[in-house]
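Containing mmCIF, C-alpha atoms (C1' of nucleotides): my_file_4.cif.
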```
data_target
#
loop_
_atom_site.label_atom_id
_atom_site.label_comp_id
_atom_site.auth_asym_id
_atom_site.auth_seq_id
_atom_site.Cartn_x
_atom_site.Cartn_y
_atom_site.Cartn_z
CA MET A 1 -10.48 -24.20 0.07
CA ILE A 2 -7.41 -22.70 -1.44
CA THR A 3 -4.40 -24.94 -1.39
CA PHE A 4 -0.98 -23.99 -2.65
CA MET A 5 0.17 -27.17 -4.31
CA ARG A 6 3.09 -25.96 -6.37
CA ALA A 7 5.31 -22.98 -6.95
CA LEU A 8 3.27 -19.97 -7.94
CA SER A 9 4.21 -16.84 -9.83
CA ILE A 10 3.58 -13.59 -8.02
CA GLY A 11 0.50 -12.99 -10.16
CA ALA A 12 -0.91 -16.43 -9.34
CA LEU A 13 -0.20 -15.88 -5.63
CA ALA A 14 -1.92 -12.52 -5.80
CA GLU A 15 -4.98 -14.14 -7.31
CA ALA A 16 -4.97 -17.03 -4.88
CA THR A 17 -4.77 -14.85 -1.78
CA GLY A 18 -6.57 -11.74 -2.97
CA VAL A 19 -3.55 -9.62 -2.12
CA ASN A 20 -2.50 -7.11 -4.75
CA LEU A 21 0.63 -8.08 -6.66
CA GLU A 22 2.35 -4.83 -5.88
CA THR A 23 1.45 -5.22 -2.25
CA ILE A 24 3.20 -8.59 -2.17
CA ARG A 25 6.38 -6.99 -3.46
CA TYR A 26 5.91 -4.22 -0.92
CA TYR A 27 5.67 -6.79 1.87
CA GLU A 28 8.90 -8.31 0.64
CA ARG A 29 10.63 -4.92 0.55
CA ILE A 30 9.71 -4.19 4.15
CA GLY A 31 10.71 -7.67 5.28
CA LEU A 32 7.23 -8.93 6.11
CA MET A 33 7.40 -11.63 3.47
CA PRO A 34 10.61 -13.59 2.98
CA GLU A 35 12.33 -13.46 -0.38
CA PRO A 36 11.16 -16.39 -2.50
CA ASP A 37 13.26 -18.44 -4.88
CA ARG A 38 13.65 -17.09 -8.37
CA THR A 39 13.68 -18.60 -11.82
CA ARG A 40 16.89 -18.19 -13.82
CA ALA A 41 15.39 -15.02 -15.28
CA GLY A 42 14.61 -13.62 -11.86
CA HIS A 43 10.89 -14.27 -11.63
CA ARG A 44 9.63 -15.07 -8.15
CA ARG A 45 8.42 -18.60 -7.35
CA TYR A 46 6.30 -18.96 -4.23
CA SER A 47 6.01 -22.07 -2.08
CA PRO A 48 2.94 -23.17 -0.13
CA ALA A 49 4.58 -21.77 3.02
CA HIS A 50 4.70 -18.36 1.41
CA GLY A 51 1.04 -18.65 0.56
CA ARG A 52 0.10 -19.52 4.13
CA ARG A 53 2.11 -16.64 5.52
CA LEU A 54 0.57 -14.18 3.11
CA ALA A 55 -2.93 -15.43 3.92
CA PHE A 56 -2.16 -14.96 7.61
CA ILE A 57 -1.06 -11.40 6.95
CA ARG A 58 -4.15 -10.69 4.93
CA ARG A 59 -6.50 -11.95 7.62
CA ALA A 60 -4.69 -9.96 10.29
CA ARG A 61 -4.95 -6.83 8.14
CA GLU A 62 -8.65 -7.46 7.60
CA LEU A 63 -9.02 -7.48 11.37
CA GLY A 64 -7.43 -4.07 11.41
CA PHE A 65 -4.02 -4.95 12.83
CA VAL A 66 -1.38 -2.48 11.68
CA LEU A 67 1.65 -3.97 9.96
CA ALA A 68 3.79 -3.58 13.06
CA ASP A 69 1.25 -5.73 14.94
CA VAL A 70 1.16 -8.21 12.10
CA ARG A 71 4.92 -8.49 12.37
CA SER A 72 4.60 -9.21 16.08
CA LEU A 73 1.84 -11.73 15.52
CA LEU A 74 3.94 -13.56 12.95
CA ALA A 75 6.81 -13.72 15.42
CA LEU A 76 4.53 -14.90 18.21
CA ALA A 77 3.08 -17.56 15.93
CA GLU A 78 6.44 -19.06 15.05
CA PRO A 79 6.07 -22.82 15.35
CA GLY A 80 7.77 -24.14 18.47
CA ARG A 81 7.78 -20.94 20.47
CA THR A 82 4.14 -19.95 20.12
CA SER A 83 3.11 -17.40 22.74
CA CYS A 84 -0.62 -17.41 23.31
CA SER A 85 -0.52 -14.83 26.05
CA GLY A 86 1.45 -12.50 23.81
CA VAL A 87 -1.02 -12.95 21.02
CA ARG A 88 -3.92 -12.42 23.37
CA ALA A 89 -2.39 -9.21 24.74
CA LEU A 90 -1.92 -7.81 21.26
CA ALA A 91 -5.44 -8.71 20.25
CA SER A 92 -6.91 -7.24 23.42
CA ALA A 93 -5.04 -3.99 22.98
CA HIS A 94 -6.23 -3.82 19.42
CA LEU A 95 -9.79 -4.51 20.46
CA GLY A 96 -9.56 -1.66 22.94
CA ALA A 97 -8.36 0.68 20.23
CA VAL A 98 -11.14 -0.40 17.91
CA ARG A 99 -13.76 0.18 20.59
CA ALA A 100 -12.34 3.61 21.37
CA ARG A 101 -12.52 4.47 17.71
CA ILE A 102 -16.11 3.29 17.56
CA ALA A 103 -16.99 5.48 20.53
CA ASP A 104 -15.35 8.46 18.81
CA LEU A 105 -17.25 7.86 15.61
CA ASP A 106 -20.51 7.34 17.50
CA ARG A 107 -20.19 10.73 19.13
CA LEU A 108 -19.34 12.24 15.79
CA ALA A 109 -22.30 10.63 14.06
CA GLY A 110 -24.56 11.91 16.82
CA VAL A 111 -23.42 15.49 16.34
CA LEU A 112 -23.71 15.27 12.58
CA ALA A 113 -27.12 13.61 12.64
CA GLY A 114 -28.47 16.11 15.16
CA THR A 115 -27.24 19.06 13.19
CA ILE A 116 -28.44 17.75 9.85
CA ALA A 117 -31.85 16.97 11.36
CA ARG A 118 -32.25 20.62 12.28
CA CYS A 119 -31.91 21.46 8.58
CA ASP A 120 -35.35 19.93 8.03
CA ALA A 121 -36.97 22.41 10.35
CA GLY A 122 -36.79 25.06 7.64
CA ARG A 123 -34.31 27.37 9.28
CA ILE A 124 -33.07 30.53 7.73
CA HIS A 125 -29.46 29.96 8.73
CA CYS A 126 -27.81 26.67 7.81
CA PRO A 127 -27.41 24.71 11.06
CA VAL A 128 -24.33 22.92 9.75
CA LEU A 129 -22.55 26.14 8.93
CA ASP A 130 -23.75 27.61 12.21
CA MET A 131 -22.05 24.83 14.05
CA LEU A 132 -18.84 25.22 12.08
CA GLU A 133 -18.76 28.99 12.38
CA ARG A 134 -19.93 29.52 15.92
CA GLU A 135 -17.17 30.28 18.32
CA ARG A 136 -16.36 27.73 20.94
CA MET B 1 -14.72 32.85 24.00
CA ILE B 2 -11.67 33.28 21.85
CA THR B 3 -11.63 36.51 19.93
CA PHE B 4 -8.91 37.55 17.53
CA MET B 5 -8.58 41.24 18.29
CA ARG B 6 -5.29 42.04 16.61
CA ALA B 7 -2.70 40.63 14.26
CA LEU B 8 -1.28 37.41 15.61
CA SER B 9 1.98 35.65 14.92
CA ILE B 10 1.70 32.11 13.64
CA GLY B 11 2.63 30.81 17.09
CA ALA B 12 -0.07 32.88 18.78
CA LEU B 13 -2.62 31.75 16.20
CA ALA B 14 -1.62 28.17 16.78
CA GLU B 15 -2.15 28.59 20.49
CA ALA B 16 -5.45 30.42 20.06
CA THR B 17 -6.96 27.81 17.74
CA GLY B 18 -5.27 24.67 18.96
CA VAL B 19 -3.95 23.97 15.49
CA ASN B 20 -0.30 23.01 15.23
CA LEU B 21 1.96 25.73 13.90
CA GLU B 22 3.36 23.48 11.20
CA THR B 23 -0.15 22.48 10.22
CA ILE B 24 -1.06 26.12 9.67
CA ARG B 25 1.84 26.49 7.28
CA TYR B 26 0.79 23.24 5.63
CA TYR B 27 -2.75 24.60 5.12
CA GLU B 28 -1.24 27.67 3.51
CA ARG B 29 0.92 25.55 1.21
CA ILE B 30 -2.06 23.57 -0.05
CA GLY B 31 -4.15 26.70 -0.47
CA LEU B 32 -6.63 26.03 2.32
CA MET B 33 -5.57 29.11 4.26
CA PRO B 34 -4.88 32.35 2.38
CA GLU B 35 -1.44 33.88 2.62
CA PRO B 36 -1.39 36.42 5.42
CA ASP B 37 0.41 39.74 5.44
CA ARG B 38 4.02 39.67 6.51
CA THR B 39 6.22 41.90 8.62
CA ARG B 40 9.17 43.52 6.88
CA ALA B 41 11.25 40.54 7.96
CA GLY B 42 8.80 38.05 6.52
CA HIS B 43 6.98 36.92 9.65
CA ARG B 44 3.29 36.10 9.14
CA ARG B 45 0.65 38.38 10.71
CA TYR B 46 -2.82 36.90 10.99
CA SER B 47 -6.06 38.89 11.00
CA PRO B 48 -9.26 37.95 12.87
CA ALA B 49 -10.66 36.65 9.56
CA HIS B 50 -7.77 34.21 9.34
CA GLY B 51 -8.52 33.06 12.84
CA ARG B 52 -12.18 32.45 12.08
CA ARG B 53 -11.34 30.52 8.93
CA LEU B 54 -8.82 28.35 10.74
CA ALA B 55 -11.28 27.66 13.55
CA PHE B 56 -13.86 26.63 10.95
CA ILE B 57 -11.36 24.23 9.39
CA ARG B 58 -10.49 22.78 12.75
CA ARG B 59 -14.10 22.11 13.70
CA ALA B 60 -14.78 20.52 10.33
CA ARG B 61 -11.73 18.28 10.75
CA GLU B 62 -12.87 17.32 14.23
CA LEU B 63 -16.12 16.19 12.68
CA GLY B 64 -14.10 13.96 10.39
CA PHE B 65 -14.46 15.86 7.14
CA VAL B 66 -11.48 15.23 4.85
CA LEU B 67 -9.63 18.30 3.63
CA ALA B 68 -11.29 18.10 0.21
CA ASP B 69 -14.66 18.33 1.96
CA VAL B 70 -13.44 21.16 4.13
CA ARG B 71 -12.45 22.99 0.99
CA SER B 72 -15.94 22.51 -0.39
CA LEU B 73 -17.56 23.58 2.85
CA LEU B 74 -15.50 26.75 2.90
CA ALA B 75 -16.59 27.52 -0.64
CA LEU B 76 -20.23 26.78 0.17
CA ALA B 77 -20.04 29.01 3.23
CA GLU B 78 -18.78 32.04 1.29
CA PRO B 79 -20.78 35.00 2.49
CA GLY B 80 -23.34 36.08 -0.11
CA ARG B 81 -23.61 32.80 -1.98
CA THR B 82 -24.16 30.43 0.91
CA SER B 83 -25.59 27.10 -0.24
CA CYS B 84 -27.38 25.28 2.53
CA SER B 85 -28.49 22.40 0.37
CA GLY B 86 -24.90 21.87 -0.77
CA VAL B 87 -23.67 21.90 2.80
CA ARG B 88 -26.40 19.54 3.86
CA ALA B 89 -25.60 17.13 1.03
CA LEU B 90 -21.93 17.05 2.00
CA ALA B 91 -22.72 16.53 5.65
CA SER B 92 -25.23 13.77 4.88
CA ALA B 93 -22.77 11.95 2.66
CA HIS B 94 -20.16 12.22 5.36
CA LEU B 95 -22.58 10.95 7.98
CA GLY B 96 -23.28 7.95 5.77
CA ALA B 97 -19.58 7.22 5.48
CA VAL B 98 -19.12 7.53 9.22
CA ARG B 99 -21.97 5.13 9.88
CA ALA B 100 -20.60 2.65 7.39
CA ARG B 101 -17.23 2.83 9.10
CA ILE B 102 -18.87 2.26 12.47
CA ALA B 103 -20.65 -0.80 11.11
CA ASP B 104 -17.33 -2.13 9.80
CA LEU B 105 -15.61 -1.60 13.11
CA ASP B 106 -18.53 -3.12 15.00
CA ARG B 107 -18.25 -6.34 13.01
CA LEU B 108 -14.51 -6.30 13.56
CA ALA B 109 -14.85 -5.78 17.29
CA GLY B 110 -17.32 -8.64 17.43
CA VAL B 111 -14.95 -11.05 15.76
CA LEU B 112 -12.04 -9.95 17.93
CA ALA B 113 -14.04 -10.07 21.15
CA GLY B 114 -15.46 -13.48 20.34
CA THR B 115 -12.09 -14.92 19.53
CA ILE B 116 -10.36 -13.43 22.54
CA ALA B 117 -13.15 -14.67 24.79
CA ARG B 118 -12.41 -18.22 23.70
CA CYS B 119 -8.88 -17.76 25.04
CA ASP B 120 -10.30 -17.83 28.56
CA ALA B 121 -11.71 -21.28 28.08
CA GLY B 122 -8.25 -22.77 28.59
CA ARG B 123 -7.64 -24.07 25.12
CA ILE B 124 -4.54 -25.80 24.02
CA HIS B 125 -4.35 -23.99 20.71
CA CYS B 126 -4.49 -20.20 20.69
CA PRO B 127 -7.88 -19.25 19.24
CA VAL B 128 -6.53 -16.01 17.83
CA LEU B 129 -3.79 -17.77 15.93
CA ASP B 130 -6.24 -20.45 14.92
CA MET B 131 -8.40 -17.83 13.30
CA LEU B 132 -5.47 -16.22 11.54
CA GLU B 133 -4.02 -19.49 10.34
CA ARG B 134 -7.13 -21.38 9.38
CA GLU B 135 -7.80 -21.53 5.67
CA ARG B 136 -10.86 -19.88 4.22
"C1'" DC C 1 8.30 -16.85 -34.26
"C1'" DT C 2 5.10 -13.50 -33.29
"C1'" DG C 3 2.54 -11.23 -30.09
"C1'" DC C 4 0.68 -10.33 -25.83
"C1'" DA C 5 0.45 -11.25 -20.94
"C1'" DT C 6 3.23 -11.21 -17.19
"C1'" DC C 7 7.09 -9.98 -14.65
"C1'" DC C 8 11.14 -7.08 -13.34
"C1'" DC C 9 12.75 -2.75 -10.76
"C1'" DG C 10 12.95 1.81 -8.96
"C1'" DT C 11 10.56 5.81 -8.10
"C1'" DA C 12 6.85 8.76 -6.92
"C1'" DG C 13 2.24 9.73 -5.48
"C1'" DT C 14 -1.63 9.45 -1.90
"C1'" DG C 15 -3.67 12.10 2.86
"C1'" DA C 16 -2.83 14.81 6.57
"C1'" DC C 17 0.16 15.96 8.77
"C1'" DT C 18 4.87 16.02 11.79
"C1'" DA C 19 9.77 16.51 12.36
"C1'" DC C 20 14.25 18.30 11.41
"C1'" DG C 21 17.94 21.47 10.59
"C1'" DG C 22 20.24 25.69 10.00
"C1'" DG C 23 19.72 30.26 9.81
"C1'" DA C 24 17.15 34.90 10.66
"C1'" DT C 25 14.45 37.89 13.67
"C1'" DC C 26 11.95 39.46 17.76
"C1'" DA C 27 11.20 41.11 22.41
"C1'" DA C 28 12.64 41.65 27.07
"C1'" DG C 29 16.00 42.39 30.60
"C1'" DG C 30 20.39 44.33 32.07
"C1'" DC D 1 22.70 49.34 23.28
"C1'" DC D 2 23.41 44.54 23.60
"C1'" DT D 3 22.74 40.00 24.70
"C1'" DT D 4 20.02 36.00 25.14
"C1'" DG D 5 16.58 32.88 24.38
"C1'" DA D 6 12.18 32.28 22.19
"C1'" DT D 7 10.10 32.42 17.97
"C1'" DC D 8 9.96 32.33 13.11
"C1'" DC D 9 11.66 31.33 8.36
"C1'" DC D 10 12.03 27.67 4.58
"C1'" DG D 11 12.65 23.37 2.28
"C1'" DT D 12 12.89 18.68 2.71
"C1'" DA D 13 11.95 14.20 4.37
"C1'" DG D 14 9.55 10.97 7.21
"C1'" DT D 15 5.08 8.59 8.56
"C1'" DC D 16 1.49 4.40 7.11
"C1'" DA D 17 0.03 1.11 3.85
"C1'" DC D 18 -0.22 0.91 -0.11
"C1'" DT D 19 -0.92 2.08 -5.40
"C1'" DA D 20 0.57 3.70 -9.82
"C1'" DC D 21 3.75 4.43 -13.46
"C1'" DG D 22 7.15 3.56 -16.93
"C1'" DG D 23 10.31 1.15 -19.68
"C1'" DG D 24 12.39 -2.91 -20.37
"C1'" DA D 25 12.87 -8.17 -20.00
"C1'" DT D 26 10.65 -12.67 -19.94
"C1'" DG D 27 7.00 -16.59 -20.54
"C1'" DC D 28 3.99 -19.04 -23.04
"C1'" DA D 29 0.22 -20.01 -26.65
"C1'" DG D 30 -0.78 -20.42 -31.25
#
```

In structure tokens, what does this structure look like?
Amino acid sequence: MITFMRALSIGALAEATGVNLETIRYYERIGLMPEPDRTRAGHRRYSPAHGRRLAFIRRARELGFVLADVRSLLALAEPGRTSCSGVRALASAHLGAVRARIADLDRLAGVLAGTIARCDAGRIHCPVLDMLERER
Amino acid sequence: MITFMRALSIGALAEATGVNLETIRYYERIGLMPEPDRTRAGHRRYSPAHGRRLAFIRRARELGFVLADVRSLLALAEPGRTSCSGVRALASAHLGAVRARIADLDRLAGVLAGTIARCDAGRIHCPVLDMLERER
DNA sequence: CTGCATCCCGTAGTGACTACGGGATCAAGG
DNA sequence: CCTTGATCCCGTAGTCACTACGGGATGCAG
């Protein structure tokens, strides 16, 4: 298990969390990650709390939440005023969107597979082009 | 069936094909649609051939082909030197990508659904947040 | 102290559009 | 013929979530 024992440089944090270094700076620019302390020379020093927040963001992104949702989830997860129903609503909505997308892609794959399969039948005209060119 | 009998304005073409007017201009900018003739005042006048090409692009996009693929498909569909095997290869590769994406989303939906389902069990801690916060 | 890895920052590029703004032109009705 | 409102022109910038680049400043090991 990854633990963040001491202050990490941005490169070390990137390695520890698997989040690209430039992405971490991007998250800071858009206000998703708080600004960390700096060394005298201006290099970022990350605390364990930063590491946990970044790991949270990463897992949410892996689950397909858009950054706006991640922002909401972070707010809803604030210690003290945790809102489970809010979190659940967000997750449910997201699940619905994912399932809709799957249904879309399933239909698409069906059309593609059916058309490509007809190629094997040794047609004269290309069935794929036929589909793309045929009106309506 | 939609037929393009005469020269259409960009707005009429947009309506006939269901492609946004600004998108048509965008396709022209990136060289996907050829430049049409213009009226003396500079307004675009589209021929039936333009209409057919745009409809082809639209159907390919609906099937999820990226614009680079659409470009290739258009080249492969050139009358005279039609390449069925090339078209088939592109379509097969795309189908593979679509199926991979579906598999990804299926796994994702499973995780989300499983986690959300645990919310109903009347937990004290929010299972969704638990998942996002837990290390590993 | 030398050299190389790491870090800084701002900017621009990606894909596939969409939106905006300010001006020109067109087509129909009076 | 003239007005009016729809349509069209163009260039630019915004979207999302990053990623890449470049040129300069540090950090740290040998």

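You will find atom C1' of C:DA16 at 13.0 Å from atom C1' of D:DG14.
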
Hits of the PyMOL selection byres ((chain B and resi 37) around 12) in this structure, as a VMD selection string: chain B and resid 7 to 10 34 to 36 38 to 47 50

Do a least-squares overlay of chain A on chain B, C-alpha atoms all paired in order, then report the RMSD in Å.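 My reading of the C-alpha RMSD is 0.1 Å.
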
Assuming the chain letters and numbering stay as they are in my file, what does the PyMOL selection byres ((chain A) within 7 of (chain B)) actually select? List them as an MDAnalysis selection string. chainID A and resid 1 56 59:60 63 77 84 88 95 98:99 102 105 108:109 112 116 126 129 132:133 135:136

For the selection just defined, write its residues with C-alpha atoms to a file, as a PDB file, in the frame of the given file.
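In the end it all went to out-v8.pdb:
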```
ATOM      1  CA  MET A   1     -10.480 -24.200   0.070  1.00  0.00           C
ATOM      2  CA  PHE A  56      -2.160 -14.960   7.610  1.00  0.00           C
ATOM      3  CA  ARG A  59      -6.500 -11.950   7.620  1.00  0.00           C
ATOM      4  CA  ALA A  60      -4.690  -9.960  10.290  1.00  0.00           C
ATOM      5  CA  LEU A  63      -9.020  -7.480  11.370  1.00  0.00           C
ATOM      6  CA  ALA A  77       3.080 -17.560  15.930  1.00  0.00           C
ATOM      7  CA  CYS A  84      -0.620 -17.410  23.310  1.00  0.00           C
ATOM      8  CA  ARG A  88      -3.920 -12.420  23.370  1.00  0.00           C
ATOM      9  CA  LEU A  95      -9.790  -4.510  20.460  1.00  0.00           C
ATOM     10  CA  VAL A  98     -11.140  -0.400  17.910  1.00  0.00           C
ATOM     11  CA  ARG A  99     -13.760   0.180  20.590  1.00  0.00           C
ATOM     12  CA  ILE A 102     -16.110   3.290  17.560  1.00  0.00           C
ATOM     13  CA  LEU A 105     -17.250   7.860  15.610  1.00  0.00           C
ATOM     14  CA  LEU A 108     -19.340  12.240  15.790  1.00  0.00           C
ATOM     15  CA  ALA A 109     -22.300  10.630  14.060  1.00  0.00           C
ATOM     16  CA  LEU A 112     -23.710  15.270  12.580  1.00  0.00           C
ATOM     17  CA  ILE A 116     -28.440  17.750   9.850  1.00  0.00           C
ATOM     18  CA  CYS A 126     -27.810  26.670   7.810  1.00  0.00           C
ATOM     19  CA  LEU A 129     -22.550  26.140   8.930  1.00  0.00           C
ATOM     20  CA  LEU A 132     -18.840  25.220  12.080  1.00  0.00           C
ATOM     21  CA  GLU A 133     -18.760  28.990  12.380  1.00  0.00           C
ATOM     22  CA  GLU A 135     -17.170  30.280  18.320  1.00  0.00           C
ATOM     23  CA  ARG A 136     -16.360  27.730  20.940  1.00  0.00           C
TER      24      ARG A 136
END
```

Cut-off 9 Å: closest chain B/chain C atom pairs per residue, using all atoms listed in the file, as a Markdown table:
```
| residue | atom | partner | partner_atom | distance |
| --- | --- | --- | --- | --- |
| B:Glu22 | CA | C:DT18 | C1' | 7.6 |
| B:Thr23 | CA | C:DC17 | C1' | 6.7 |
| B:Tyr26 | CA | C:DC17 | C1' | 8.0 |
| B:Ala41 | CA | C:DT25 | C1' | 7.1 |
| B:His43 | CA | C:DT25 | C1' | 8.5 |
| B:Val66 | CA | C:DG15 | C1' | 8.6 |
| B:Leu67 | CA | C:DA16 | C1' | 8.2 |
```

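Counting from atom CA of B:Gly86, the distance to atom CA of B:Arg71 is 12.6 Å.
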
Show me, as a PyMOL selection string, every residue of chain D with an atom at most 12 Å from chain A, counting all atoms listed in the file. chain D and resi 16-20+25-27

Mind pulling up the distance from atom CA of B:Ala93 to atom CA of B:Ala49? 28.4 Å
